[in-house]
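*Asks:* I am sharing my_file_7.txt, which consists of compact mmCIF, C-alpha atoms:
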```txt
# COMPACT_ATOMS: atom_id res chain seq x y z
CA MET A 297 90.28 131.90 84.62
CA MET A 298 88.60 133.85 87.39
CA HIS A 299 85.37 131.86 87.59
CA ASP A 300 86.61 128.52 86.36
CA ARG A 301 85.62 125.56 88.43
CA PRO A 302 88.56 123.59 89.84
CA ALA A 303 89.54 120.68 87.64
CA GLY A 304 92.29 118.15 87.29
CA THR A 305 92.82 117.06 90.91
CA GLY A 306 93.52 113.58 89.56
CA VAL A 307 96.28 114.95 87.35
CA ILE A 308 97.88 116.67 90.33
CA ILE A 309 97.80 113.43 92.30
CA VAL A 310 99.30 111.48 89.37
CA THR A 311 102.19 113.97 89.05
CA LEU A 312 102.82 113.63 92.80
CA LEU A 313 102.81 109.82 92.53
CA ILE A 314 105.30 109.94 89.64
CA ALA A 315 107.48 112.15 91.85
CA ALA A 316 107.11 109.55 94.61
CA LEU A 317 108.29 106.88 92.18
CA LEU A 318 111.37 108.97 91.37
CA GLU A 319 112.08 109.29 95.10
CA VAL A 320 112.45 105.54 95.61
CA VAL A 321 113.68 104.35 92.22
CA PRO A 322 116.89 102.40 92.90
CA LEU A 323 120.07 104.32 92.06
CA PRO A 324 123.74 103.82 92.91
CA GLU A 325 124.61 104.73 96.48
CA SER A 326 126.64 107.78 95.49
CA VAL A 327 123.75 109.21 93.45
CA ASN A 328 121.50 109.01 96.51
CA TRP A 329 123.35 111.99 97.94
CA VAL A 330 122.15 114.24 95.13
CA ARG A 331 118.69 112.74 94.60
CA PRO A 332 116.40 115.79 94.32
CA GLU A 333 113.32 116.18 96.50
CA TRP A 334 110.98 115.37 93.61
CA MET A 335 107.77 115.39 95.62
CA LEU A 336 108.57 118.75 97.17
CA LEU A 337 109.36 120.26 93.75
CA VAL A 338 106.05 119.07 92.31
CA LEU A 339 104.18 120.23 95.41
CA VAL A 340 105.80 123.67 95.21
CA TYR A 341 104.85 123.96 91.54
CA TRP A 342 101.18 123.27 92.24
CA VAL A 343 101.14 125.60 95.25
CA LEU A 344 102.54 128.40 93.09
CA GLU A 345 100.09 127.74 90.25
CA LEU A 346 96.95 127.02 92.28
CA PRO A 347 97.42 128.75 95.63
CA SER A 348 93.67 128.79 96.25
CA ARG A 349 93.43 125.02 96.04
CA ILE A 350 96.77 123.49 96.91
CA GLY A 351 98.03 124.67 100.26
CA VAL A 352 99.18 123.72 103.70
CA LEU A 353 96.92 120.70 104.19
CA TRP A 354 97.90 119.26 100.83
CA GLY A 355 101.49 119.72 101.90
CA PHE A 356 100.79 117.92 105.15
CA PHE A 357 99.15 114.90 103.53
CA VAL A 358 101.70 114.65 100.73
CA GLY A 359 104.39 114.75 103.42
CA LEU A 360 102.62 112.03 105.39
CA TYR A 361 102.57 109.87 102.27
CA HIS A 362 106.29 110.54 101.83
CA ASP A 363 106.84 109.44 105.44
CA VAL A 364 105.22 106.07 104.88
CA LEU A 365 106.95 105.69 101.51
CA VAL A 366 110.46 106.08 102.91
CA GLY A 367 109.71 104.76 106.39
CA THR A 368 110.53 107.82 108.47
CA THR A 369 108.76 108.88 111.67
CA LEU A 370 105.14 109.57 110.84
CA GLY A 371 104.75 113.35 110.58
CA GLN A 372 108.42 114.12 109.92
CA TRP A 373 107.97 115.10 106.29
CA GLY A 374 104.31 116.01 106.93
CA LEU A 375 105.47 118.81 109.20
CA ALA A 376 108.23 119.88 106.82
CA TYR A 377 106.06 119.91 103.68
CA ALA A 378 103.23 121.75 105.44
CA LEU A 379 105.67 124.48 106.40
CA GLY A 380 107.15 124.53 102.90
CA ALA A 381 103.69 124.94 101.39
CA PHE A 382 102.95 127.73 103.87
CA VAL A 383 106.09 129.64 102.90
CA MET A 384 105.28 129.26 99.21
CA LEU A 385 101.72 130.49 99.80
CA ALA A 386 103.17 133.60 101.38
CA ALA A 387 105.56 134.15 98.46
CA TYR A 388 103.68 132.95 95.39
CA LYS A 389 103.03 136.46 94.01
CA ARG A 390 106.69 137.37 94.26
CA MET A 391 107.78 134.03 92.79
CA ARG A 392 105.77 134.76 89.64
CA VAL A 393 107.72 137.92 88.83
CA PHE A 394 111.12 136.49 89.74
CA THR A 395 113.63 135.61 87.04
CA SER A 396 114.59 131.96 86.58
CA LEU A 397 117.77 132.39 88.58
CA GLN A 398 115.96 134.05 91.47
CA GLN A 399 113.36 131.30 91.44
CA CYS A 400 116.09 128.67 91.58
CA ALA A 401 117.64 130.45 94.54
CA VAL A 402 114.31 130.49 96.37
CA VAL A 403 113.79 126.79 95.63
CA PHE A 404 117.29 126.06 96.90
CA LEU A 405 116.57 127.84 100.17
CA LEU A 406 113.14 126.26 100.49
CA VAL A 407 114.29 122.69 99.86
CA GLY A 408 117.22 123.27 102.21
CA THR A 409 114.97 124.61 104.98
CA VAL A 410 112.36 121.89 104.58
CA SER A 411 115.02 119.15 104.51
CA LEU A 412 116.71 120.65 107.55
CA LEU A 413 113.43 120.52 109.45
CA ALA A 414 112.97 116.87 108.52
CA PHE A 415 116.62 116.25 109.42
CA LEU A 416 116.10 117.75 112.88
CA VAL A 417 113.21 115.36 113.55
CA GLN A 418 115.23 112.44 112.25
CA GLU A 419 118.16 113.53 114.39
CA SER A 420 115.94 113.64 117.48
CA VAL A 421 114.92 110.01 116.97
CA GLY A 422 118.55 109.05 116.43
CA ARG A 423 118.42 107.94 112.82
CA THR A 424 120.99 110.28 111.30
CA LEU A 425 124.58 109.43 110.62
CA TYR A 426 126.02 112.18 108.47
CA PRO A 427 126.30 115.87 109.34
CA PRO A 428 123.37 118.13 108.35
CA TYR A 429 125.24 119.96 105.57
CA THR A 430 124.86 116.81 103.44
CA ILE A 431 121.27 117.86 102.66
CA LEU A 432 122.71 120.77 100.67
CA TYR A 433 123.66 118.42 97.82
CA ALA A 434 120.05 117.39 97.27
CA SER A 435 118.91 121.01 97.65
CA LEU A 436 121.36 122.05 94.95
CA THR A 437 120.18 119.44 92.46
CA SER A 438 116.59 120.32 93.30
CA ALA A 439 117.29 123.97 92.49
CA VAL A 440 119.05 123.05 89.24
CA LEU A 441 116.14 120.84 88.20
CA TRP A 442 113.49 123.37 89.18
CA ARG A 443 113.17 125.00 85.73
CA PRO A 444 112.94 121.72 83.75
CA VAL A 445 110.41 120.32 86.24
CA CYS A 446 108.50 123.59 85.98
CA ALA A 447 108.43 123.44 82.17
CA LEU A 448 107.27 119.82 82.20
CA LEU A 449 104.53 120.46 84.73
CA ARG A 450 103.43 123.57 82.82
CA TRP A 451 102.97 121.38 79.74
CA VAL A 452 101.00 118.86 81.82
CA GLN A 453 98.87 121.63 83.25
CA LEU A 454 97.97 123.05 79.84
CA ARG A 455 97.54 119.65 78.22
CA PHE A 456 95.16 118.34 80.90
CA LEU A 457 93.52 121.70 81.73
CA VAL A 458 94.34 121.69 85.43
CA ARG A 459 93.02 124.77 87.17
CA MET B 253 92.54 133.83 90.73
CA ALA B 254 90.96 133.97 94.16
CA ALA B 255 93.28 134.69 97.03
CA PRO B 256 93.86 131.66 99.24
CA ALA B 257 92.00 131.42 102.52
CA ASN B 258 94.07 132.40 105.54
CA PRO B 259 96.62 129.58 105.66
CA THR B 260 97.91 130.37 109.15
CA TYR B 261 95.20 128.36 110.91
CA ARG B 262 95.72 125.49 108.56
CA LEU B 263 99.42 125.56 109.25
CA LEU B 264 98.65 125.49 112.95
CA ILE B 265 96.38 122.47 112.47
CA ALA B 266 99.00 120.72 110.36
CA LEU B 267 101.78 121.42 112.88
CA VAL B 268 99.72 120.16 115.82
CA LEU B 269 98.65 117.06 113.87
CA ALA B 270 102.22 116.35 112.80
CA ILE B 271 103.60 116.70 116.31
CA ILE B 272 100.86 114.48 117.77
CA MET B 273 101.61 111.88 115.11
CA MET B 274 105.34 111.97 115.73
CA VAL B 275 104.86 111.45 119.44
CA LEU B 276 102.31 108.66 118.90
CA ASP B 277 104.56 106.99 116.34
CA GLN B 278 107.61 107.09 118.58
CA ARG B 279 106.06 106.32 121.96
CA THR B 280 102.95 104.24 121.30
CA PRO B 281 101.66 101.70 118.76
CA TRP B 282 98.58 103.84 118.04
CA ALA B 283 99.93 105.40 114.85
CA ALA B 284 100.11 101.98 113.19
CA PRO B 285 96.64 102.23 111.56
CA VAL B 286 97.67 105.40 109.68
CA ARG B 287 100.80 103.67 108.45
CA HIS B 288 98.78 100.60 107.53
CA VAL B 289 96.23 102.50 105.45
CA LEU B 290 98.87 104.56 103.67
CA GLY B 291 100.83 101.35 103.14
CA TYR B 292 98.26 100.25 100.56
CA LEU B 293 99.11 103.38 98.57
CA THR B 294 102.89 103.31 98.96
CA ALA B 295 103.51 99.62 98.24
CA PRO B 296 102.49 99.91 94.55
CA ILE B 297 105.12 102.65 94.14
CA HIS B 298 107.83 100.33 95.47
CA TYR B 299 106.62 97.53 93.18
CA LEU B 300 106.63 99.93 90.22
CA ALA B 301 110.11 101.21 91.04
CA HIS B 302 111.33 97.63 91.04
CA LEU B 303 109.71 96.82 87.69
CA PRO B 304 112.71 97.80 85.47
CA VAL B 305 114.95 95.45 87.46
CA ASP B 306 112.39 92.66 87.19
CA SER B 307 111.87 93.09 83.48
CA SER B 308 115.59 93.29 82.69
CA GLU B 309 116.12 90.09 84.67
CA TRP B 310 113.31 88.47 82.73
CA LEU B 311 114.81 89.68 79.46
CA SER B 312 118.27 88.34 80.23
CA GLU B 313 116.70 85.01 81.24
CA GLN B 314 114.81 84.85 77.96
CA THR B 315 117.85 85.58 75.84
CA GLN B 316 120.29 83.18 77.50
CA SER B 317 121.71 80.47 75.26
CA ARG B 318 120.80 76.85 75.73
CA GLY B 319 124.43 76.01 76.48
CA SER B 320 124.76 78.44 79.36
CA LEU B 321 121.42 77.29 80.79
CA MET B 322 122.58 73.68 80.67
CA ASP B 323 125.84 74.67 82.35
CA GLU B 324 123.92 76.43 85.08
CA ASN B 325 121.60 73.47 85.46
CA ARG B 326 124.51 71.08 85.86
CA ARG B 327 126.15 73.37 88.40
CA LEU B 328 122.96 73.68 90.42
CA GLN B 329 122.41 69.92 90.34
CA ARG B 330 125.90 69.36 91.74
CA GLN B 331 125.26 71.99 94.39
CA ALA B 332 121.93 70.40 95.30
CA LEU B 333 123.60 67.01 95.66
CA ILE B 334 126.21 68.40 98.04
CA LEU B 335 123.56 70.24 100.07
CA GLU B 336 121.36 67.16 100.26
CA GLN B 337 124.27 65.16 101.59
CA LYS B 338 124.84 67.81 104.25
CA VAL B 339 121.15 67.85 105.18
CA GLN B 340 121.19 64.07 105.68
CA ARG B 341 123.76 64.48 108.41
CA LEU B 342 122.06 67.57 109.76
CA ALA B 343 118.82 65.73 110.58
CA VAL B 344 120.72 63.20 112.68
CA LEU B 345 122.82 65.91 114.35
CA GLU B 346 119.77 68.02 115.11
CA ALA B 347 117.94 65.14 116.76
CA GLU B 348 121.06 64.25 118.74
CA ASN B 349 121.46 67.86 119.77
CA VAL B 350 117.88 68.00 121.06
CA ARG B 351 118.43 64.80 123.06
CA LEU B 352 121.65 66.14 124.57
CA ARG B 353 119.99 69.41 125.49
CA GLU B 354 117.26 67.44 127.18
CA LEU B 355 119.88 65.63 129.23
CA LEU B 356 121.18 69.04 130.30
CA ASN B 357 117.61 70.09 131.15
CA SER B 358 117.83 73.07 128.80
CA SER B 359 115.02 74.00 126.46
CA ALA B 360 114.98 72.45 123.03
CA ASP B 361 115.95 74.48 119.98
CA LEU B 362 112.94 75.10 117.86
CA ASP B 363 112.79 74.56 114.14
CA ALA B 364 111.81 77.59 112.09
CA ASN B 365 109.35 78.27 109.29
CA VAL B 366 110.90 80.09 106.38
CA LEU B 367 109.27 82.44 103.90
CA VAL B 368 111.09 83.64 100.78
CA ALA B 369 110.74 87.30 99.85
CA GLU B 370 112.17 89.50 97.13
CA ILE B 371 113.87 92.82 97.81
CA ILE B 372 111.94 95.48 95.92
CA GLY B 373 113.46 98.63 97.34
CA VAL B 374 116.45 100.12 99.10
CA ASP B 375 116.19 103.14 101.36
CA PRO B 376 117.33 106.20 99.38
CA ASP B 377 118.48 107.96 102.54
CA PRO B 378 122.25 107.42 103.06
CA ASN B 379 121.70 107.89 106.80
CA ARG B 380 119.74 104.67 107.07
CA GLN B 381 120.28 101.09 105.97
CA GLU B 382 116.85 99.68 105.23
CA LEU B 383 115.23 97.48 102.60
CA VAL B 384 111.71 97.01 101.35
CA ILE B 385 110.56 93.44 100.64
CA ASN B 386 107.56 92.22 98.68
CA LYS B 387 105.88 90.35 101.53
CA GLY B 388 103.65 92.08 104.06
CA ARG B 389 101.15 91.39 106.76
CA GLY B 390 99.06 89.47 104.23
CA ASP B 391 101.82 86.85 104.16
CA GLN B 392 102.03 86.64 107.96
CA VAL B 393 105.08 88.88 108.14
CA SER B 394 105.24 90.59 111.50
CA ARG B 395 107.37 93.20 113.19
CA GLY B 396 110.53 91.80 114.73
CA GLN B 397 110.90 88.83 112.41
CA ALA B 398 114.48 87.91 111.51
CA VAL B 399 115.58 88.20 107.87
CA LEU B 400 118.40 86.12 106.37
CA ASP B 401 119.95 85.44 103.02
CA ALA B 402 121.76 82.27 102.00
CA GLN B 403 124.96 83.35 103.78
CA GLY B 404 123.72 84.78 107.04
CA LEU B 405 121.58 87.27 108.95
CA ILE B 406 120.58 90.43 107.14
CA GLY B 407 118.36 92.19 109.63
CA GLN B 408 114.89 92.35 111.10
CA VAL B 409 111.45 93.54 110.06
CA VAL B 410 110.73 96.92 111.63
CA ASP B 411 107.50 97.79 109.86
CA ALA B 412 105.11 95.26 108.34
CA GLY B 413 102.81 97.03 105.91
CA PRO B 414 99.82 95.38 104.25
CA LEU B 415 101.64 94.50 101.00
CA SER B 416 105.30 95.13 101.78
CA ALA B 417 107.59 95.31 104.79
CA ARG B 418 110.62 97.34 105.80
CA VAL B 419 113.73 95.55 107.00
CA LEU B 420 116.31 97.22 109.22
CA LEU B 421 119.74 95.89 108.26
CA VAL B 422 122.33 94.78 110.79
CA THR B 423 124.63 97.39 109.24
CA ASP B 424 122.35 100.32 110.20
CA ALA B 425 123.98 102.67 112.68
CA SER B 426 121.06 102.32 115.08
CA HIS B 427 121.19 98.52 115.09
CA ALA B 428 122.97 96.33 117.61
CA MET B 429 122.63 92.65 118.46
CA SER B 430 124.15 90.00 120.66
CA VAL B 431 126.62 87.64 118.98
CA GLN B 432 129.17 85.07 120.03
CA VAL B 433 132.39 83.83 118.50
CA ASN B 434 131.68 80.45 116.95
CA ARG B 435 135.15 79.16 117.88
CA ASN B 436 135.00 79.66 121.64
CA GLY B 437 131.63 81.17 122.62
CA VAL B 438 132.88 84.62 123.65
CA ARG B 439 129.89 86.96 123.63
CA ALA B 440 129.84 90.55 122.45
CA VAL B 441 127.56 93.25 121.09
CA LEU B 442 127.70 93.69 117.32
CA ALA B 443 126.68 97.15 116.13
CA GLY B 444 126.22 98.59 112.65
CA THR B 445 128.23 101.51 111.34
CA GLY B 446 125.94 102.77 108.58
CA GLN B 447 128.26 101.39 105.87
CA SER B 448 126.97 98.38 103.95
CA ASP B 449 130.09 96.32 104.70
CA GLY B 450 131.03 97.62 108.14
CA LEU B 451 130.17 96.27 111.59
CA LYS B 452 131.95 96.72 114.89
CA LEU B 453 132.10 94.86 118.16
CA LEU B 454 131.41 97.08 121.15
CA TYR B 455 132.93 96.95 124.62
CA VAL B 456 135.23 94.00 124.06
CA PRO B 457 137.97 93.79 126.71
CA ASP B 458 141.51 93.91 125.36
CA THR B 459 142.16 90.42 126.64
CA ALA B 460 139.17 88.73 124.97
CA ASP B 461 140.08 85.88 122.65
CA ILE B 462 138.83 87.20 119.33
CA ARG B 463 140.97 86.86 116.21
CA GLU B 464 140.76 87.94 112.61
CA GLY B 465 138.58 85.58 110.56
CA ASP B 466 136.46 84.46 113.52
CA LEU B 467 132.85 83.71 112.65
CA LEU B 468 130.29 85.57 114.75
CA VAL B 469 126.93 83.84 115.18
CA SER B 470 123.70 85.08 116.75
CA THR B 471 123.13 84.08 120.37
CA GLY B 472 119.36 84.45 120.54
CA LEU B 473 119.69 86.73 123.57
CA GLY B 474 117.22 89.55 123.33
CA GLN B 475 114.61 87.17 121.93
CA ARG B 476 114.68 88.88 118.57
CA TYR B 477 116.97 86.75 116.44
CA PRO B 478 117.02 82.96 116.33
CA ARG B 479 120.12 81.35 117.82
CA GLY B 480 123.05 80.10 115.81
CA TYR B 481 122.86 81.91 112.47
CA PRO B 482 126.11 83.34 111.08
CA VAL B 483 126.17 87.14 111.13
CA ALA B 484 129.68 88.38 110.42
CA THR B 485 133.36 87.54 110.16
CA VAL B 486 135.94 89.54 112.07
CA THR B 487 138.13 91.55 109.70
CA THR B 488 140.46 93.54 111.96
CA VAL B 489 141.39 93.45 115.62
CA ARG B 490 143.33 96.39 117.02
CA HIS B 491 144.65 96.58 120.53
CA GLN B 492 145.48 100.09 121.62
CA SER B 493 147.42 100.64 124.78
CA GLY B 494 145.55 103.06 126.99
CA ALA B 495 142.15 102.41 125.42
CA PRO B 496 139.80 100.40 127.64
CA PHE B 497 138.41 98.25 124.84
CA ALA B 498 139.78 96.54 121.76
CA GLU B 499 138.79 97.99 118.41
CA ILE B 500 137.25 95.17 116.38
CA THR B 501 135.60 95.47 113.00
CA ALA B 502 133.67 92.80 111.14
CA ARG B 503 132.07 92.25 107.77
CA PRO B 504 128.56 90.77 107.43
CA THR B 505 128.55 87.26 105.97
CA ALA B 506 125.25 88.00 104.25
CA ARG B 507 125.59 89.93 101.02
CA VAL B 508 123.73 92.87 102.45
CA ASP B 509 124.15 95.15 99.45
CA ARG B 510 123.83 92.55 96.69
CA ALA B 511 121.16 90.07 97.77
CA SER B 512 118.00 89.99 95.69
CA HIS B 513 116.05 87.40 97.67
CA VAL B 514 115.84 86.98 101.43
CA LEU B 515 114.38 84.48 103.88
CA LEU B 516 112.05 85.46 106.70
CA VAL B 517 112.30 83.24 109.74
CA GLN B 518 109.35 82.57 112.01
CA PRO B 519 110.01 80.25 114.93
CA THR B 520 107.41 77.49 115.10
CA GLU B 521 105.57 76.65 118.27
CA LYS B 522 106.16 72.95 118.32
CA PRO B 523 109.61 71.45 118.92
CA LEU B 524 111.46 69.23 116.45
CA ILE B 525 110.93 66.01 118.41
CA PRO B 526 108.46 65.67 121.27
CA VAL B 527 109.94 66.91 124.52
CA PRO B 528 109.01 64.82 127.58
CA ASP B 529 107.18 66.56 130.37
CA PRO B 530 109.87 67.55 132.91
CA GLU B 531 107.64 66.74 135.92
CA ALA B 532 106.90 63.26 134.62
CA VAL B 533 110.62 62.74 134.18
CA ASN B 534 111.34 63.87 137.75
CA ASP B 535 108.70 61.54 139.16
CA ALA B 536 110.10 58.51 137.43
```
Spell out the structure here as structure tokens.

*Replies:*
Amino acid sequence: MMHDRPAGTGVIIVTLLIAALLEVVPLPESVNWVRPEWMLLVLVYWVLELPSRIGVLWGFFVGLYHDVLVGTTLGQWGLAYALGAFVMLAAYKRMRVFTSLQQCAVVFLLVGTVSLLAFLVQESVGRTLYPPYTILYASLTSAVLWRPVCALLRWVQLRFLVR
Amino acid sequence: MAAPANPTYRLLIALVLAIIMMVLDQRTPWAAPVRHVLGYLTAPIHYLAHLPVDSSEWLSEQTQSRGSLMDENRRLQRQALILEQKVQRLAVLEAENVRLRELLNSSADLDANVLVAEIIGVDPDPNRQELVINKGRGDQVSRGQAVLDAQGLIGQVVDAGPLSARVLLVTDASHAMSVQVNRNGVRAVLAGTGQSDGLKLLYVPDTADIREGDLLVSTGLGQRYPRGYPVATVTTVRHQSGAPFAEITARPTARVDRASHVLLVQPTEKPLIPVPDPEAVNDA
């Protein structure tokens, strides 16, 4: 793996776009509370797997795309995702030796922190209605879904030789 | 695997870029190009997300029995007949109204162009009440345009992308507009609550003549919404002794959470019937 040329950028982008689709797919109002941060989960997976390629700037641009997709202030999720990618870059070696449960806990904290950052920006432009602890629901489902998402993306990575 | 390059500088770049963008987006119109370019990439996602709804509608249309289609056809024909009869009177009334307004020296009401759009997305964030529609700048949709459904006002366009547009609903907590009671012309500010069926009237004096069931129509003040479209009906009026204002809630007449098609209204430049030049009139 050491001297392999990078490959499969298109596959990474397609997985992120599928995650984007899941972010806006219409669901009942009550389910919206627990809709996981799909794009962040996929981004975190690729940062952990390919830390030399997928990093802070990827996070920033994916976040910017998310901003336009859901119509938030430009840069709100860009800022949050860039920071999330940065934290994962700092912790990717540890994440690899963690057990599943520990990984889920880290993802829970990460999604919570990133969402809180985005929430603060949204709060400052006056577009929040519910108290900030409501983002914990989505963080929890994100953490629960982390292992299945991981397994799926691992299969994609091996199937399409992303490196 | 090679260790990643020092990400701290990149984080710094990203943070600075993000903050600049946020400020530009909030305070100036200069961030619009970024939104516009990315809009080409996000609109297909909204269209794709709407595809299951579209195809299931198509499927149920294809599998309907002839009998039920004929029933529907008959019902729609009856409805069309009734509406046509109403329109006949409306044309006369509208012309009369313009003439009367001329007599009062007030400006004529303008007719409006209407564009039909389909709702292809709903904002997943419970904090915000927004919709995505399948018409964008390519269809002459512009920021600030009013959006209605068959029953009343739904909201306004806040972001016109190249292929789709975002509509801020009247029920959003950050939305407020000027309305008047259709019965007696009392004006008030109608604000959203963030619930899809909840609106409230702000700063209404306890003595104001507003009753349950009153129809609230847009006043056109603020130059954003056209005048005279129904917006909401008053559901409860509570007078509390000691409180400075009455507590009044209303429900939108438009089916904000169930509509599938909406109308975009664009005021036309030319009036319904030619308005005489006021100076020429004064000279005569």

*Asks:* Which residue, B:Ser448, B:Gln432, B:Thr505, B:Gln403, has the smallest gap to B:Thr487 when you use only C-alpha atoms?

*Replies:*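 Ranked by minimum distance to B:Thr487, first place goes to B:Thr505.
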
*Asks:* Please compute the atom CA of A:Ser396-atom CA of A:Ser435 distance, one decimal, in Å.

*Replies:* 16.2 Å

*Asks:* Between A:Ala447, A:Ala378, A:Val402, A:Leu416, which one has atoms that come closest to chain B, using all atoms listed in the file?

*Replies:*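 Nearest candidate to chain B out of A:Ala447, A:Ala378, A:Val402, A:Leu416: A:Ala378.
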
*Asks:* Give one line per residue of chain A that approaches chain B to at most 7 Å, naming the two atoms of the closest pair and their distance in Å to one decimal, counting only C-alpha atoms; sort by chain then ascending residue number and deliver it as a Markdown table.

*Replies:*
```
| residue | atom | partner | partner_atom | distance |
| --- | --- | --- | --- | --- |
| A:Met297 | CA | B:Met253 | CA | 6.8 |
| A:Met298 | CA | B:Met253 | CA | 5.2 |
| A:Leu317 | CA | B:Ile297 | CA | 5.6 |
| A:Val320 | CA | B:Pro376 | CA | 6.2 |
| A:Val321 | CA | B:Ala301 | CA | 4.9 |
| A:Pro322 | CA | B:Val374 | CA | 6.6 |
| A:Asn328 | CA | B:Pro376 | CA | 5.8 |
| A:Trp329 | CA | B:Pro378 | CA | 7.0 |
| A:Pro347 | CA | B:Pro256 | CA | 5.8 |
| A:Ser348 | CA | B:Pro256 | CA | 4.1 |
| A:Val352 | CA | B:Leu263 | CA | 5.9 |
| A:Leu353 | CA | B:Ala266 | CA | 6.5 |
| A:Phe356 | CA | B:Ala266 | CA | 6.2 |
| A:Tyr361 | CA | B:Leu290 | CA | 6.6 |
| A:Val364 | CA | B:Arg287 | CA | 6.2 |
| A:Leu365 | CA | B:Thr294 | CA | 5.4 |
| A:Val366 | CA | B:Asp375 | CA | 6.6 |
| A:Thr369 | CA | B:Met274 | CA | 6.1 |
| A:Leu370 | CA | B:Met274 | CA | 5.5 |
| A:Gly371 | CA | B:Ala270 | CA | 4.5 |
| A:Gln372 | CA | B:Met274 | CA | 6.9 |
| A:Gly374 | CA | B:Ala270 | CA | 6.2 |
| A:Leu375 | CA | B:Ala270 | CA | 5.4 |
| A:Ala378 | CA | B:Ala266 | CA | 6.6 |
| A:Leu379 | CA | B:Leu263 | CA | 7.0 |
| A:Phe382 | CA | B:Leu263 | CA | 6.8 |
| A:Arg423 | CA | B:Ser426 | CA | 6.6 |
| A:Thr424 | CA | B:Asn379 | CA | 5.1 |
| A:Leu425 | CA | B:Asn379 | CA | 5.0 |
| A:Tyr426 | CA | B:Asn379 | CA | 6.3 |
```

*Asks:* Save the residues we just selected, C-alpha atoms, as an mmCIF file, keeping the file's coordinate frame?

*Replies:*
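The result, stored in part21.cif:
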```cif
data_model
loop_
_atom_site.group_PDB
_atom_site.id
_atom_site.type_symbol
_atom_site.label_atom_id
_atom_site.label_comp_id
_atom_site.auth_asym_id
_atom_site.auth_seq_id
_atom_site.Cartn_x
_atom_site.Cartn_y
_atom_site.Cartn_z
ATOM 1 C CA MET A 297 90.280 131.900 84.620
ATOM 2 C CA MET A 298 88.600 133.850 87.390
ATOM 3 C CA LEU A 317 108.290 106.880 92.180
ATOM 4 C CA VAL A 320 112.450 105.540 95.610
ATOM 5 C CA VAL A 321 113.680 104.350 92.220
ATOM 6 C CA PRO A 322 116.890 102.400 92.900
ATOM 7 C CA ASN A 328 121.500 109.010 96.510
ATOM 8 C CA TRP A 329 123.350 111.990 97.940
ATOM 9 C CA PRO A 347 97.420 128.750 95.630
ATOM 10 C CA SER A 348 93.670 128.790 96.250
ATOM 11 C CA VAL A 352 99.180 123.720 103.700
ATOM 12 C CA LEU A 353 96.920 120.700 104.190
ATOM 13 C CA PHE A 356 100.790 117.920 105.150
ATOM 14 C CA TYR A 361 102.570 109.870 102.270
ATOM 15 C CA VAL A 364 105.220 106.070 104.880
ATOM 16 C CA LEU A 365 106.950 105.690 101.510
ATOM 17 C CA VAL A 366 110.460 106.080 102.910
ATOM 18 C CA THR A 369 108.760 108.880 111.670
ATOM 19 C CA LEU A 370 105.140 109.570 110.840
ATOM 20 C CA GLY A 371 104.750 113.350 110.580
ATOM 21 C CA GLN A 372 108.420 114.120 109.920
ATOM 22 C CA GLY A 374 104.310 116.010 106.930
ATOM 23 C CA LEU A 375 105.470 118.810 109.200
ATOM 24 C CA ALA A 378 103.230 121.750 105.440
ATOM 25 C CA LEU A 379 105.670 124.480 106.400
ATOM 26 C CA PHE A 382 102.950 127.730 103.870
ATOM 27 C CA ARG A 423 118.420 107.940 112.820
ATOM 28 C CA THR A 424 120.990 110.280 111.300
ATOM 29 C CA LEU A 425 124.580 109.430 110.620
ATOM 30 C CA TYR A 426 126.020 112.180 108.470
#
```

*Asks:* In Å, rounded to a single decimal, give me how far atom CA of B:Pro478 is from atom CA of B:Asn349.

*Replies:* 16.1 Å

*Asks:* Between A:Leu337, A:Val458, A:Ala386, A:Leu318, which residue has the minimum interatomic distance to A:Leu441, considering all atoms listed in the file?

*Replies:*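 Ranking A:Leu337, A:Val458, A:Ala386, A:Leu318 by distance to A:Leu441, first place goes to A:Leu337.
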
*Asks:* What does the distance between atom CA of B:Val399 and atom CA of B:Leu467 come to in Å, to one decimal place?

*Replies:* 18.5 Å

*Asks:* Near stretch 458-462 of chain B, counting all atoms listed in the file, which residues have an atom at most 7 Å away, once you skip same-chain residues fewer than 6 positions from it, shown as a PyMOL selection string?

*Replies:* chain B and resi 491+497-498

*Asks:* For each of A:Phe415, A:Arg392, A:Ala303, A:Gly380, take the minimum atom-to-atom distance to A:Leu336, counting all atoms listed in the file, then give the residue where this is smallest.

*Replies:*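 Once distances to A:Leu336 are computed over all atoms listed in the file, the minimum belongs to A:Gly380.
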
*Asks:* At a cut-off of 10 Å, using only C-alpha atoms, what residues contact stretch 333-335 of chain A? Leave out same-chain residues fewer than 5 positions from it and give the result as a compact mmCIF listing (two decimals) with C-alpha atoms, in the frame of the given file.

*Replies:*
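Ended up saving to selection-v7.txt:
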```txt
# COMPACT_ATOMS: atom_id res chain seq x y z
CA THR A 311 102.19 113.97 89.05
CA LEU A 312 102.82 113.63 92.80
CA LEU A 313 102.81 109.82 92.53
CA ILE A 314 105.30 109.94 89.64
CA ALA A 315 107.48 112.15 91.85
CA ALA A 316 107.11 109.55 94.61
CA LEU A 317 108.29 106.88 92.18
CA LEU A 318 111.37 108.97 91.37
CA GLU A 319 112.08 109.29 95.10
CA VAL A 340 105.80 123.67 95.21
CA TYR A 341 104.85 123.96 91.54
CA GLY A 355 101.49 119.72 101.90
CA VAL A 358 101.70 114.65 100.73
CA GLY A 359 104.39 114.75 103.42
CA HIS A 362 106.29 110.54 101.83
CA TYR A 377 106.06 119.91 103.68
CA VAL A 407 114.29 122.69 99.86
CA GLY A 408 117.22 123.27 102.21
CA VAL A 410 112.36 121.89 104.58
CA SER A 411 115.02 119.15 104.51
CA ALA A 434 120.05 117.39 97.27
CA SER A 435 118.91 121.01 97.65
CA THR A 437 120.18 119.44 92.46
CA SER A 438 116.59 120.32 93.30
CA ALA A 439 117.29 123.97 92.49
CA LEU A 441 116.14 120.84 88.20
CA TRP A 442 113.49 123.37 89.18
CA VAL A 445 110.41 120.32 86.24
```
